[in-house]
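Colleague: I am sharing target02.pdb, which consists of PDB, C-alpha atoms:
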```
ATOM      1  CA  MET A   1      -9.177 -18.118 -10.735
ATOM      2  CA  TRP A   2     -12.423 -17.344  -8.913
ATOM      3  CA  ARG A   3     -10.944 -18.212  -5.530
ATOM      4  CA  LEU A   4      -7.709 -16.422  -6.329
ATOM      5  CA  SER A   5      -9.530 -13.166  -6.983
ATOM      6  CA  PHE A   6     -11.123 -13.356  -3.540
ATOM      7  CA  LEU A   7      -7.740 -14.112  -1.992
ATOM      8  CA  LEU A   8      -6.374 -10.966  -3.665
ATOM      9  CA  MET A   9      -9.379  -9.104  -2.275
ATOM     10  CA  ALA A  10      -8.461 -10.299   1.231
ATOM     11  CA  ILE A  11      -4.832  -9.224   0.768
ATOM     12  CA  LEU A  12      -6.032  -5.835  -0.495
ATOM     13  CA  SER A  13      -8.161  -5.531   2.642
ATOM     14  CA  GLY A  14      -4.901  -5.784   4.600
ATOM     15  CA  VAL A  15      -2.961  -3.502   2.229
ATOM     16  CA  LEU A  16      -5.474  -0.723   2.933
ATOM     17  CA  LEU A  17      -4.437  -0.508   6.593
ATOM     18  CA  PRO A  18      -0.932   0.981   6.114
ATOM     19  CA  ILE A  19      -2.482   3.264   3.475
ATOM     20  CA  ARG A  20      -4.999   4.396   6.068
ATOM     21  CA  TYR A  21      -2.227   5.108   8.570
ATOM     22  CA  GLN A  22      -0.343   7.067   5.908
ATOM     23  CA  LEU A  23      -3.360   9.187   4.983
ATOM     24  CA  ASP A  24      -4.479   9.797   8.591
ATOM     25  CA  GLY A  25      -0.867  10.549   9.521
ATOM     26  CA  LYS A  26      -0.525  13.012   6.644
ATOM     27  CA  LEU A  27      -3.742  14.734   7.692
ATOM     28  CA  ALA A  28      -2.530  14.917  11.299
ATOM     29  CA  GLN A  29       0.767  16.439  10.152
ATOM     30  CA  ALA A  30      -0.875  18.958   7.818
ATOM     31  CA  THR A  31      -3.276  20.100  10.545
ATOM     32  CA  ALA A  32      -0.692  19.668  13.323
ATOM     33  CA  SER A  33      -3.418  17.825  15.230
ATOM     34  CA  VAL A  34      -3.875  14.081  15.698
ATOM     35  CA  PRO A  35      -7.313  14.640  17.300
ATOM     36  CA  MET A  36      -8.649  16.638  14.317
ATOM     37  CA  ALA A  37      -7.328  13.985  11.908
ATOM     38  CA  GLY A  38      -9.202  11.425  14.042
ATOM     39  CA  VAL A  39     -12.415  13.448  13.769
ATOM     40  CA  VAL A  40     -12.167  13.626   9.966
ATOM     41  CA  SER A  41     -11.123   9.983   9.581
ATOM     42  CA  THR A  42     -13.951   8.602  11.741
ATOM     43  CA  PHE A  43     -16.462  10.927  10.056
ATOM     44  CA  VAL A  44     -15.477   9.853   6.531
ATOM     45  CA  GLY A  45     -15.348   6.180   7.534
ATOM     46  CA  ALA A  46     -18.781   6.306   9.153
ATOM     47  CA  THR A  47     -20.258   8.147   6.158
ATOM     48  CA  VAL A  48     -19.041   5.483   3.716
ATOM     49  CA  LEU A  49     -20.431   2.614   5.813
ATOM     50  CA  VAL A  50     -23.778   4.335   6.448
ATOM     51  CA  ALA A  51     -24.099   5.068   2.702
ATOM     52  CA  LEU A  52     -23.419   1.416   1.861
ATOM     53  CA  LEU A  53     -25.904   0.318   4.502
ATOM     54  CA  LEU A  54     -28.574   2.660   3.098
ATOM     55  CA  SER A  55     -27.990   1.262  -0.397
ATOM     56  CA  GLY A  56     -29.719  -1.856   0.920
ATOM     57  CA  ARG A  57     -27.558  -4.224  -1.102
ATOM     58  CA  PHE A  58     -26.015  -5.979   1.848
ATOM     59  CA  GLY A  59     -28.856  -7.983   3.305
ATOM     60  CA  ASN A  60     -31.518  -7.238   5.861
ATOM     61  CA  VAL A  61     -30.886  -5.734   9.258
ATOM     62  CA  HIS A  62     -32.812  -6.939  12.295
ATOM     63  CA  TRP A  63     -33.380  -3.429  13.663
ATOM     64  CA  ALA A  64     -35.605  -4.669  16.491
ATOM     65  CA  GLY A  65     -32.472  -6.247  17.981
ATOM     66  CA  LEU A  66     -31.033  -2.784  18.733
ATOM     67  CA  ARG A  67     -33.162  -2.427  21.853
ATOM     68  CA  LEU A  68     -32.367  -5.921  23.101
ATOM     69  CA  SER A  69     -28.620  -5.676  22.633
ATOM     70  CA  PRO A  70     -26.720  -5.197  25.931
ATOM     71  CA  TRP A  71     -25.504  -1.652  26.606
ATOM     72  CA  TRP A  72     -21.860  -2.658  26.423
ATOM     73  CA  SER A  73     -22.255  -3.940  22.858
ATOM     74  CA  TYR A  74     -22.315  -0.244  21.852
ATOM     75  CA  LEU A  75     -18.861   0.411  23.302
ATOM     76  CA  GLY A  76     -17.152  -0.771  20.098
ATOM     77  CA  GLY A  77     -17.238   2.809  18.820
ATOM     78  CA  ILE A  78     -15.517   4.101  21.964
ATOM     79  CA  SER A  79     -12.630   1.636  21.768
ATOM     80  CA  GLY A  80     -12.545   1.924  17.961
ATOM     81  CA  GLY A  81     -12.311   5.724  18.114
ATOM     82  CA  SER A  82      -9.564   5.592  20.748
ATOM     83  CA  TYR A  83      -7.746   3.063  18.573
ATOM     84  CA  VAL A  84      -7.735   5.490  15.611
ATOM     85  CA  LEU A  85      -6.221   8.291  17.733
ATOM     86  CA  LEU A  86      -3.531   6.039  19.238
ATOM     87  CA  VAL A  87      -2.366   4.352  16.028
ATOM     88  CA  THR A  88      -2.279   7.657  14.119
ATOM     89  CA  TYR A  89      -0.008   9.056  16.823
ATOM     90  CA  ALA A  90       2.125   5.878  16.748
ATOM     91  CA  ALA A  91       2.421   5.861  12.953
ATOM     92  CA  ILE A  92       3.647   9.472  12.889
ATOM     93  CA  GLN A  93       6.270   8.767  15.562
ATOM     94  CA  ALA A  94       7.484   5.305  14.587
ATOM     95  CA  GLY A  95       6.312   4.583  11.038
ATOM     96  CA  THR A  96       3.612   2.203   9.816
ATOM     97  CA  THR A  97       5.520  -1.100   9.953
ATOM     98  CA  LEU A  98       6.433  -0.848  13.623
ATOM     99  CA  THR A  99       2.926   0.377  14.468
ATOM    100  CA  ILE A 100       1.267  -2.458  12.572
ATOM    101  CA  GLY A 101       3.688  -5.085  13.904
ATOM    102  CA  ILE A 102       3.152  -4.166  17.546
ATOM    103  CA  GLY A 103      -0.572  -3.592  16.972
ATOM    104  CA  ILE A 104      -1.074  -7.061  15.467
ATOM    105  CA  ALA A 105       0.945  -8.660  18.278
ATOM    106  CA  THR A 106      -1.034  -7.103  21.160
ATOM    107  CA  GLN A 107      -4.291  -7.594  19.257
ATOM    108  CA  MET A 108      -3.562 -11.313  18.907
ATOM    109  CA  LEU A 109      -2.309 -11.630  22.497
ATOM    110  CA  SER A 110      -5.408  -9.986  23.932
ATOM    111  CA  SER A 111      -7.720 -12.062  21.742
ATOM    112  CA  LEU A 112      -5.971 -15.259  22.933
ATOM    113  CA  LEU A 113      -6.811 -14.121  26.469
ATOM    114  CA  VAL A 114     -10.403 -13.098  25.676
ATOM    115  CA  ASP A 115     -10.940 -16.381  23.788
ATOM    116  CA  HIS A 116      -9.439 -18.476  26.582
ATOM    117  CA  PHE A 117     -11.898 -17.162  29.161
ATOM    118  CA  GLY A 118     -14.764 -16.670  26.717
ATOM    119  CA  TRP A 119     -15.126 -13.056  27.852
ATOM    120  CA  LEU A 120     -17.610 -10.561  26.366
ATOM    121  CA  GLY A 121     -19.950 -13.220  25.103
ATOM    122  CA  LEU A 122     -17.453 -14.738  22.692
ATOM    123  CA  GLN A 123     -17.142 -18.451  22.148
ATOM    124  CA  GLN A 124     -14.631 -19.939  24.584
ATOM    125  CA  ARG A 125     -11.443 -21.276  22.942
ATOM    126  CA  PRO A 126      -9.087 -22.645  25.591
ATOM    127  CA  LEU A 127      -5.334 -22.147  25.193
ATOM    128  CA  SER A 128      -3.978 -25.117  23.264
ATOM    129  CA  TRP A 129      -0.224 -25.685  22.974
ATOM    130  CA  GLN A 130      -0.276 -24.042  19.528
ATOM    131  CA  ARG A 131      -1.972 -20.945  20.954
ATOM    132  CA  LEU A 132       0.402 -20.861  23.914
ATOM    133  CA  LEU A 133       3.392 -21.124  21.566
ATOM    134  CA  ALA A 134       1.907 -18.371  19.375
ATOM    135  CA  GLY A 135       1.509 -16.202  22.480
ATOM    136  CA  ILE A 136       5.148 -16.697  23.460
ATOM    137  CA  LEU A 137       6.277 -15.855  19.895
ATOM    138  CA  LEU A 138       4.141 -12.701  19.946
ATOM    139  CA  ILE A 139       5.651 -11.526  23.258
ATOM    140  CA  MET A 140       9.145 -12.179  21.838
ATOM    141  CA  ALA A 141       8.186 -10.224  18.713
ATOM    142  CA  VAL A 142       7.080  -7.187  20.742
ATOM    143  CA  VAL A 143      10.327  -7.273  22.732
ATOM    144  CA  LEU A 144      12.353  -7.498  19.496
ATOM    145  CA  LEU A 145      10.429  -4.658  17.840
ATOM    146  CA  LEU A 146      10.832  -2.362  20.852
ATOM    147  CA  SER A 147      14.370  -3.209  21.935
TER
ATOM    148  CA  MET B   1      15.650   3.555  21.635
ATOM    149  CA  ASN B   2      14.404   7.052  22.278
ATOM    150  CA  LEU B   3      11.438   8.078  24.371
ATOM    151  CA  GLU B   4       9.272   8.944  21.382
ATOM    152  CA  THR B   5       9.580   5.454  19.927
ATOM    153  CA  ILE B   6       8.715   3.902  23.291
ATOM    154  CA  GLN B   7       5.644   6.146  23.550
ATOM    155  CA  ALA B   8       4.692   5.203  19.994
ATOM    156  CA  GLY B   9       5.157   1.496  20.776
ATOM    157  CA  LEU B  10       2.978   1.861  23.844
ATOM    158  CA  ALA B  11       0.290   3.663  21.824
ATOM    159  CA  ALA B  12       0.366   0.961  19.124
ATOM    160  CA  GLY B  13       0.245  -1.781  21.764
ATOM    161  CA  VAL B  14      -2.736  -0.295  23.600
ATOM    162  CA  GLY B  15      -4.305   0.311  20.162
ATOM    163  CA  GLY B  16      -4.085  -3.416  19.391
ATOM    164  CA  VAL B  17      -5.839  -4.305  22.674
ATOM    165  CA  LEU B  18      -8.548  -1.696  21.993
ATOM    166  CA  PHE B  19      -9.026  -3.245  18.569
ATOM    167  CA  THR B  20      -9.706  -6.641  20.163
ATOM    168  CA  LEU B  21     -12.242  -5.013  22.507
ATOM    169  CA  ALA B  22     -13.901  -3.166  19.615
ATOM    170  CA  PHE B  23     -14.150  -6.443  17.761
ATOM    171  CA  ALA B  24     -15.725  -8.199  20.749
ATOM    172  CA  PHE B  25     -18.268  -5.422  21.344
ATOM    173  CA  ASN B  26     -19.081  -5.203  17.621
ATOM    174  CA  SER B  27     -19.570  -8.927  17.262
ATOM    175  CA  ARG B  28     -22.063  -8.848  20.156
ATOM    176  CA  LEU B  29     -23.927  -6.032  18.406
ATOM    177  CA  HIS B  30     -23.770  -7.979  15.155
ATOM    178  CA  ARG B  31     -25.384 -10.959  16.884
ATOM    179  CA  SER B  32     -28.258  -8.728  18.015
ATOM    180  CA  ILE B  33     -29.018  -7.178  14.636
ATOM    181  CA  HIS B  34     -27.853  -9.946  12.266
ATOM    182  CA  SER B  35     -25.770  -7.638  10.084
ATOM    183  CA  SER B  36     -22.051  -7.148  10.233
ATOM    184  CA  LEU B  37     -22.226  -4.080   7.982
ATOM    185  CA  ALA B  38     -24.897  -2.410  10.139
ATOM    186  CA  ALA B  39     -22.916  -3.189  13.317
ATOM    187  CA  SER B  40     -19.791  -1.663  11.733
ATOM    188  CA  ALA B  41     -21.746   1.387  10.536
ATOM    189  CA  ILE B  42     -23.189   1.974  14.029
ATOM    190  CA  SER B  43     -19.802   1.446  15.634
ATOM    191  CA  PHE B  44     -18.048   3.859  13.239
ATOM    192  CA  THR B  45     -20.760   6.471  13.820
ATOM    193  CA  ILE B  46     -20.319   6.191  17.592
ATOM    194  CA  SER B  47     -16.545   6.472  17.024
ATOM    195  CA  PHE B  48     -17.054   9.772  15.238
ATOM    196  CA  LEU B  49     -19.412  11.111  17.922
ATOM    197  CA  PHE B  50     -16.979   9.992  20.638
ATOM    198  CA  VAL B  51     -13.829  11.424  19.048
ATOM    199  CA  GLY B  52     -15.692  14.579  18.031
ATOM    200  CA  SER B  53     -16.974  15.284  21.546
ATOM    201  CA  LEU B  54     -13.595  14.386  23.061
ATOM    202  CA  VAL B  55     -11.869  16.911  20.802
ATOM    203  CA  GLY B  56     -14.589  19.483  21.557
ATOM    204  CA  LEU B  57     -14.221  19.036  25.314
ATOM    205  CA  TRP B  58     -10.430  19.300  25.007
ATOM    206  CA  GLY B  59     -10.897  22.598  23.219
ATOM    207  CA  GLN B  60      -8.886  21.249  20.273
ATOM    208  CA  TRP B  61     -11.666  21.661  17.743
ATOM    209  CA  ASN B  62     -10.219  23.680  14.880
ATOM    210  CA  ILE B  63     -11.159  23.093  11.264
ATOM    211  CA  THR B  64      -9.116  25.945   9.777
ATOM    212  CA  PRO B  65      -5.853  23.959   9.298
ATOM    213  CA  LEU B  66      -7.794  21.258   7.420
ATOM    214  CA  GLY B  67      -7.586  23.496   4.346
ATOM    215  CA  GLN B  68      -3.827  22.969   4.250
ATOM    216  CA  ALA B  69      -4.057  19.208   3.839
ATOM    217  CA  PRO B  70      -4.094  17.665   0.339
ATOM    218  CA  TRP B  71      -7.498  16.275  -0.679
ATOM    219  CA  TRP B  72      -6.336  12.653  -0.642
ATOM    220  CA  ALA B  73      -5.366  12.860   3.028
ATOM    221  CA  PHE B  74      -9.105  12.995   3.807
ATOM    222  CA  LEU B  75      -9.633   9.485   2.429
ATOM    223  CA  GLY B  76      -8.117   7.603   5.392
ATOM    224  CA  GLY B  77     -11.472   6.770   6.946
ATOM    225  CA  ALA B  78     -12.807   5.594   3.578
ATOM    226  CA  THR B  79      -9.915   3.146   3.174
ATOM    227  CA  GLY B  80     -10.764   1.719   6.598
ATOM    228  CA  SER B  81     -14.378   1.182   5.549
ATOM    229  CA  CYS B  82     -13.362  -0.351   2.202
ATOM    230  CA  SER B  83     -11.073  -2.715   4.076
ATOM    231  CA  ILE B  84     -14.005  -3.988   6.164
ATOM    232  CA  ILE B  85     -16.232  -4.400   3.097
ATOM    233  CA  LEU B  86     -13.524  -6.303   1.174
ATOM    234  CA  SER B  87     -12.951  -8.723   4.036
ATOM    235  CA  LEU B  88     -16.716  -9.266   4.424
ATOM    236  CA  LEU B  89     -16.934 -10.101   0.697
ATOM    237  CA  ALA B  90     -13.894 -12.381   0.707
ATOM    238  CA  LEU B  91     -14.703 -14.315   3.877
ATOM    239  CA  PRO B  92     -17.420 -16.656   2.549
ATOM    240  CA  GLN B  93     -15.282 -17.485  -0.480
ATOM    241  CA  ILE B  94     -11.908 -18.243   1.085
ATOM    242  CA  GLY B  95     -12.730 -18.871   4.758
ATOM    243  CA  LEU B  96     -11.510 -17.401   7.997
ATOM    244  CA  VAL B  97      -8.090 -19.086   8.036
ATOM    245  CA  ALA B  98      -6.962 -17.824   4.638
ATOM    246  CA  LEU B  99      -8.582 -14.435   5.275
ATOM    247  CA  GLY B 100      -6.711 -13.839   8.533
ATOM    248  CA  ILE B 101      -3.353 -14.797   7.065
ATOM    249  CA  ALA B 102      -3.956 -12.817   3.858
ATOM    250  CA  ILE B 103      -4.866  -9.669   5.797
ATOM    251  CA  VAL B 104      -1.804  -9.760   8.050
ATOM    252  CA  PHE B 105       0.384 -10.568   5.040
ATOM    253  CA  GLY B 106      -1.090  -7.595   3.145
ATOM    254  CA  GLN B 107      -0.712  -5.229   6.108
ATOM    255  CA  LEU B 108       2.904  -6.019   6.925
ATOM    256  CA  GLY B 109       4.022  -6.688   3.335
ATOM    257  CA  PHE B 110       2.668  -3.453   1.909
ATOM    258  CA  SER B 111       3.821  -1.399   4.885
ATOM    259  CA  LEU B 112       7.362  -2.763   4.459
ATOM    260  CA  LEU B 113       7.211  -2.048   0.739
ATOM    261  CA  ILE B 114       6.197   1.610   1.057
ATOM    262  CA  GLU B 115       8.661   2.292   3.863
ATOM    263  CA  GLN B 116      11.617   0.591   2.179
ATOM    264  CA  PHE B 117      10.995   2.479  -1.057
ATOM    265  CA  GLY B 118      10.333   5.747   0.701
ATOM    266  CA  PHE B 119       6.696   6.179  -0.323
ATOM    267  CA  THR B 120       5.904   7.677   3.013
ATOM    268  CA  THR B 121       5.512  11.122   4.420
ATOM    269  CA  LEU B 122       5.824   9.787   7.959
ATOM    270  CA  VAL B 123       8.883   8.544   9.786
ATOM    271  CA  SER B 124      10.234   5.498   8.013
ATOM    272  CA  GLY B 125      10.736   2.734  10.551
ATOM    273  CA  VAL B 126      14.264   1.516   9.859
ATOM    274  CA  LEU B 127      14.161  -2.244   9.563
ATOM    275  CA  GLY B 128      17.126  -3.952  11.179
ATOM    276  CA  ALA B 129      17.677  -7.680  11.692
ATOM    277  CA  LYS B 130      15.887  -7.604  15.068
ATOM    278  CA  GLU B 131      12.779  -5.950  13.641
ATOM    279  CA  ALA B 132      12.741  -8.350  10.674
ATOM    280  CA  LEU B 133      12.947 -11.314  13.057
ATOM    281  CA  GLY B 134      10.126  -9.823  15.122
ATOM    282  CA  LEU B 135       7.874  -9.516  12.060
ATOM    283  CA  CYS B 136       8.687 -13.124  11.061
ATOM    284  CA  LEU B 137       7.700 -14.327  14.551
ATOM    285  CA  ILE B 138       4.381 -12.470  14.200
ATOM    286  CA  LEU B 139       3.679 -14.198  10.878
ATOM    287  CA  VAL B 140       4.470 -17.635  12.373
ATOM    288  CA  ALA B 141       2.216 -16.878  15.363
ATOM    289  CA  VAL B 142      -0.636 -15.747  13.110
ATOM    290  CA  VAL B 143      -0.366 -18.938  11.021
ATOM    291  CA  LEU B 144      -0.299 -21.034  14.238
ATOM    292  CA  ILE B 145      -3.438 -19.358  15.579
ATOM    293  CA  GLN B 146      -5.303 -19.281  12.276
ATOM    294  CA  SER B 147      -4.533 -22.919  11.404
ATOM    295  CA  GLN B 148      -6.566 -23.916  14.444
ATOM    296  CA  ARG B 149      -9.723 -22.201  13.327
ATOM    297  CA  GLU B 150     -12.618 -23.803  11.509
ATOM    298  CA  ALA B 151     -12.175 -25.008   7.937
ATOM    299  CA  ALA B 152     -13.355 -22.689   5.166
ATOM    300  CA  PRO B 153     -17.136 -22.585   4.757
ATOM    301  CA  ALA B 154     -18.597 -23.763   1.472
ATOM    302  CA  ALA B 155     -18.165 -21.284  -1.366
ATOM    303  CA  GLU B 156     -21.906 -20.993  -1.977
ATOM    304  CA  SER B 157     -22.750 -19.884   1.546
ATOM    305  CA  THR B 158     -24.003 -16.321   1.700
ATOM    306  CA  ALA B 159     -22.506 -13.474   3.629
ATOM    307  CA  GLU B 160     -25.247 -13.761   6.235
ATOM    308  CA  SER B 161     -24.831 -17.432   7.106
ATOM    309  CA  ILE B 162     -21.173 -17.479   8.055
ATOM    310  CA  PRO B 163     -19.434 -16.563  11.309
ATOM    311  CA  GLU B 164     -18.576 -13.203   9.831
ATOM    312  CA  ASP B 165     -18.669 -11.607  13.250
ATOM    313  CA  ARG B 166     -15.068 -12.648  13.617
ATOM    314  CA  VAL B 167     -13.976 -10.714  10.580
ATOM    315  CA  GLU B 168     -13.391  -7.365  12.262
ATOM    316  CA  GLU B 169     -10.844  -9.010  14.498
ATOM    317  CA  LEU B 170      -8.642  -9.671  11.522
ATOM    318  CA  ASN B 171      -8.475  -6.180  10.187
TER
END
```
For this file, write the structure as structure tokens.

Modeller:
Amino acid sequence: MWRLSFLLMAILSGVLLPIRYQLDGKLAQATASVPMAGVVSTFVGATVLVALLLSGRFGNVHWAGLRLSPWWSYLGGISGGSYVLLVTYAAIQAGTTLTIGIGIATQMLSSLLVDHFGWLGLQQRPLSWQRLLAGILLIMAVVLLLS
Amino acid sequence: MNLETIQAGLAAGVGGVLFTLAFAFNSRLHRSIHSSLAASAISFTISFLFVGSLVGLWGQWNITPLGQAPWWAFLGGATGSCSIILSLLALPQIGLVALGIAIVFGQLGFSLLIEQFGFTTLVSGVLGAKEALGLCLILVAVVLIQSQREAAPAAESTAESIPEDRVEELN
């Protein structure tokens, strides 16, 4: 039962994504502006996380590491913010299922590539035959979803 | 296939790649400060500053129409943050393999559900046989990739002692 409740929690974590696309999409439609919906969505998201962080219930932070972290490790917000704008636009045009399907496929494909070469300081995971097969299936899936 | 759908597909595809990059950058930041939540909070804050200044520079900044949106449409960002917190909590208990599969299952399953039953204010992606096959291939690929990852960490391990830096990738 204990483990099952955490499995449900993990599924719920996934369920929240199409809900997010729906809400951001609705906001973009109501304001007739994807960029303004992106501003609100990133603001609310950041506020929730900062509030949780300030509650101090989630372990200690090694703040001294901020200065030692490479400059590019701060680019996550740039790509994350661009991601929000792009998927909100996509969800309005093509619906959440198509957006999520294609998004998962290219996300997995690019992480296979990043893992294979061990780029960006990530642990290297060479392409095994399973990963290669998965990559081929993902490319086929994108073609099927877009054809 | 009309032009709008192709543009949307392109946007979603580039979005997926950007997500991988965001994950990689965030996990490097997480390694520096030993906290996945703090790394996510910093990243989300930079996202807001970036999108905000982009919109300002574009001259698109206009808060007046926000009044026309229903209150619940403002909660999108909060659902994104809750999603991250839930996966951080679940990871040490069920492991990376189950987490990754559960998240993708939840994303696609629930999206299909709301679109098939019309609980959407957006375009409802019509699901034909080709699209259904495509989604099935994605699920098989995700299981193939995830089944190769490390076995689930012990249930008693804390949120700080696990390779949680990989969790953002799964969202």

Colleague: Expand the ChimeraX specification (/A :<6) & /B into the individual residues it matches in the shown file, reporting them as a PyMOL selection string.

Modeller: chain B and resi 5+8+11-13+15-18+20+22+25-26+28-29+32-35+41+43-48+51-52+65-66+69+73+76-79+81+83+86-87+90+99+102-103+106-107+110-111+122-125+130-131+134+137-138+141+145

Colleague: What is the distance, in Å and to one decimal place, between CA of Val142 in chain B and CA of Val104 in chain B?

Modeller: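 Separating CA of Val142 in chain B from CA of Val104 in chain B is a distance of 7.9 Å.
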
Colleague: Can you measure CA of Arg31 in chain B to CA of Gln124 in chain A for me? One decimal in Å is fine.

Modeller: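 For CA of Arg31 in chain B relative to CA of Gln124 in chain A, the distance reads 16.0 Å.
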
Colleague: Calculate how many Å separate CA of His30 in chain B from CA of Leu10 in chain B, rounding to one decimal.

Modeller: 29.8 Å
